[in-house]
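*Asks:* Sharing a structure here in structure tokens format.
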Amino acid sequence: MNKVKVLLAEDEASLGMIVKESLESRNFMVFHALNGEEALEIYQIEKPDILVLDVMMPKKDGFTLAKEIRLENKKIPIIFL
């Protein structure tokens with residue numbers, strides 16, 4: 001079975017690492033971005049199954065990022081932190 005791909009966008013590195021490791025221990029494949037622009041690049045390359053987005057991030061906030069991704073994919077699940 002393929003692992004579910006999660007894009008985690010969290011600018012606080014220590015919190016991001018905790019969430020990433022927790023999800024990976026539950027057999028998710030996690031891509032961690034430290035800002036909204038990096039998250040968008042990872043999204044376009046990796047095509048994750050679900051997004052976990054921090055609301056307040058540098059370069060692009062989570063709400064703006066979600067709007068941009070929704071133009072491309074209306075059904076992807078999004079969880080806001």
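FYI, nothing fancy with the structure tokens labels: chains A, B, ... in order, residues from 1 per chain, ligands from 1 as they appear.
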For Phe63 of chain A, please output as a VMD selection string all residues within 12 Å (counting only C-alpha atoms; exclusion window: fewer than 3 positions along the same chain).
*Replies:* chain A and resid 9 36 51 to 57 60 66 to 70 78 to 81
*Asks:* By how many Å are atom CA of Leu34 of chain A and atom CA of Lys59 of chain A apart?
*Replies:*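 Taking atom CA of Leu34 of chain A as the start and atom CA of Lys59 of chain A as the end point, the length is 9.7 Å.
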*Asks:* Show me, as a list in words, the residues that have an atom within 12 Å of Lys5 of chain A when counting only C-alpha atoms, minus same-chain residues fewer than 2 positions from it.
*Replies:*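 Counting only the stated atoms, we get Asn2, Lys3, Leu7, Leu8, Lys20, Leu23, Glu24, Arg26, Asn27, Phe28, Met29, Val30, Phe31, His32, Ile42, Tyr43, Ile45, Glu46, Lys47, Pro48, Asp49, Ile50, Leu51, Val52, Ile76 and Pro77 of chain A.
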*Asks:* Those residues with N, CA, C and O atoms, as an mmCIF file, in the first residue's frame please?
*Replies:*
```cif
data_model
loop_
_atom_site.group_PDB
_atom_site.id
_atom_site.type_symbol
_atom_site.label_atom_id
_atom_site.label_comp_id
_atom_site.auth_asym_id
_atom_site.auth_seq_id
_atom_site.Cartn_x
_atom_site.Cartn_y
_atom_site.Cartn_z
ATOM 1 N N ASN A 2 0.507 2.249 -0.796
ATOM 2 C CA ASN A 2 1.253 3.498 -0.848
ATOM 3 C C ASN A 2 0.972 4.343 0.385
ATOM 4 O O ASN A 2 -0.141 4.359 0.899
ATOM 5 N N LYS A 3 1.993 5.068 0.818
ATOM 6 C CA LYS A 3 1.828 5.965 1.950
ATOM 7 C C LYS A 3 1.061 7.212 1.512
ATOM 8 O O LYS A 3 1.196 7.671 0.381
ATOM 9 N N LEU A 7 1.651 17.353 2.950
ATOM 10 C CA LEU A 7 2.454 18.564 2.878
ATOM 11 C C LEU A 7 2.204 19.351 4.151
ATOM 12 O O LEU A 7 1.086 19.794 4.413
ATOM 13 N N LEU A 8 3.241 19.499 4.959
ATOM 14 C CA LEU A 8 3.184 20.252 6.205
ATOM 15 C C LEU A 8 3.892 21.580 5.995
ATOM 16 O O LEU A 8 5.083 21.609 5.700
ATOM 17 N N LYS A 20 6.044 16.458 11.980
ATOM 18 C CA LYS A 20 6.549 15.593 10.904
ATOM 19 C C LYS A 20 6.891 14.202 11.447
ATOM 20 O O LYS A 20 6.466 13.185 10.892
ATOM 21 N N LEU A 23 3.746 12.229 12.438
ATOM 22 C CA LEU A 23 3.026 11.689 11.278
ATOM 23 C C LEU A 23 3.798 10.546 10.626
ATOM 24 O O LEU A 23 3.215 9.534 10.228
ATOM 25 N N GLU A 24 5.109 10.695 10.523
ATOM 26 C CA GLU A 24 5.919 9.636 9.909
ATOM 27 C C GLU A 24 5.866 8.355 10.741
ATOM 28 O O GLU A 24 5.888 7.255 10.179
ATOM 29 N N ARG A 26 3.400 7.247 12.075
ATOM 30 C CA ARG A 26 2.099 6.648 11.761
ATOM 31 C C ARG A 26 1.993 6.295 10.275
ATOM 32 O O ARG A 26 0.916 6.168 9.723
ATOM 33 N N ASN A 27 3.158 6.196 9.647
ATOM 34 C CA ASN A 27 3.290 5.712 8.267
ATOM 35 C C ASN A 27 2.828 6.692 7.185
ATOM 36 O O ASN A 27 2.441 6.281 6.101
ATOM 37 N N PHE A 28 2.848 7.990 7.481
ATOM 38 C CA PHE A 28 2.599 9.003 6.461
ATOM 39 C C PHE A 28 3.934 9.425 5.858
ATOM 40 O O PHE A 28 4.965 9.387 6.534
ATOM 41 N N MET A 29 3.922 9.845 4.597
ATOM 42 C CA MET A 29 5.088 10.448 3.970
ATOM 43 C C MET A 29 4.896 11.957 4.084
ATOM 44 O O MET A 29 3.923 12.505 3.560
ATOM 45 N N VAL A 30 5.823 12.645 4.767
ATOM 46 C CA VAL A 30 5.641 14.063 5.086
ATOM 47 C C VAL A 30 6.695 14.915 4.388
ATOM 48 O O VAL A 30 7.893 14.634 4.466
ATOM 49 N N PHE A 31 6.239 15.974 3.732
ATOM 50 C CA PHE A 31 7.108 16.982 3.133
ATOM 51 C C PHE A 31 6.916 18.260 3.936
ATOM 52 O O PHE A 31 5.804 18.785 4.001
ATOM 53 N N HIS A 32 7.987 18.744 4.566
ATOM 54 C CA HIS A 32 7.892 19.910 5.441
ATOM 55 C C HIS A 32 8.448 21.141 4.744
ATOM 56 O O HIS A 32 9.586 21.153 4.293
ATOM 57 N N ILE A 42 6.741 22.617 -3.327
ATOM 58 C CA ILE A 42 6.643 21.194 -2.977
ATOM 59 C C ILE A 42 5.316 20.623 -3.460
ATOM 60 O O ILE A 42 5.269 19.517 -3.994
ATOM 61 N N TYR A 43 4.225 21.381 -3.291
ATOM 62 C CA TYR A 43 2.909 20.925 -3.751
ATOM 63 C C TYR A 43 2.949 20.598 -5.243
ATOM 64 O O TYR A 43 2.461 19.544 -5.677
ATOM 65 N N ILE A 45 5.425 19.807 -7.146
ATOM 66 C CA ILE A 45 6.306 18.681 -7.489
ATOM 67 C C ILE A 45 5.751 17.356 -6.963
ATOM 68 O O ILE A 45 5.685 16.364 -7.687
ATOM 69 N N GLU A 46 5.357 17.324 -5.702
ATOM 70 C CA GLU A 46 5.015 16.072 -5.031
ATOM 71 C C GLU A 46 3.539 15.686 -5.120
ATOM 72 O O GLU A 46 3.194 14.531 -4.895
ATOM 73 N N LYS A 47 2.655 16.635 -5.395
ATOM 74 C CA LYS A 47 1.208 16.373 -5.466
ATOM 75 C C LYS A 47 0.721 15.592 -4.236
ATOM 76 O O LYS A 47 0.270 14.443 -4.339
ATOM 77 N N PRO A 48 0.788 16.217 -3.056
ATOM 78 C CA PRO A 48 0.385 15.507 -1.831
ATOM 79 C C PRO A 48 -1.109 15.205 -1.814
ATOM 80 O O PRO A 48 -1.892 15.771 -2.581
ATOM 81 N N ASP A 49 -1.486 14.328 -0.879
ATOM 82 C CA ASP A 49 -2.878 13.918 -0.723
ATOM 83 C C ASP A 49 -3.645 14.820 0.241
ATOM 84 O O ASP A 49 -4.877 14.875 0.189
ATOM 85 N N ILE A 50 -2.916 15.474 1.140
ATOM 86 C CA ILE A 50 -3.529 16.339 2.148
ATOM 87 C C ILE A 50 -2.542 17.439 2.514
ATOM 88 O O ILE A 50 -1.330 17.251 2.435
ATOM 89 N N LEU A 51 -3.086 18.597 2.899
ATOM 90 C CA LEU A 51 -2.261 19.735 3.319
ATOM 91 C C LEU A 51 -2.510 20.035 4.782
ATOM 92 O O LEU A 51 -3.656 20.042 5.233
ATOM 93 N N VAL A 52 -1.440 20.304 5.515
ATOM 94 C CA VAL A 52 -1.521 20.797 6.887
ATOM 95 C C VAL A 52 -0.777 22.129 6.869
ATOM 96 O O VAL A 52 0.438 22.161 6.714
ATOM 97 N N ILE A 76 -8.747 18.728 -2.524
ATOM 98 C CA ILE A 76 -7.705 18.301 -1.595
ATOM 99 C C ILE A 76 -8.058 18.712 -0.174
ATOM 100 O O ILE A 76 -8.455 19.855 0.074
ATOM 101 N N PRO A 77 -7.959 17.781 0.778
ATOM 102 C CA PRO A 77 -8.242 18.145 2.169
ATOM 103 C C PRO A 77 -7.188 19.104 2.714
ATOM 104 O O PRO A 77 -6.001 18.950 2.443
#
```
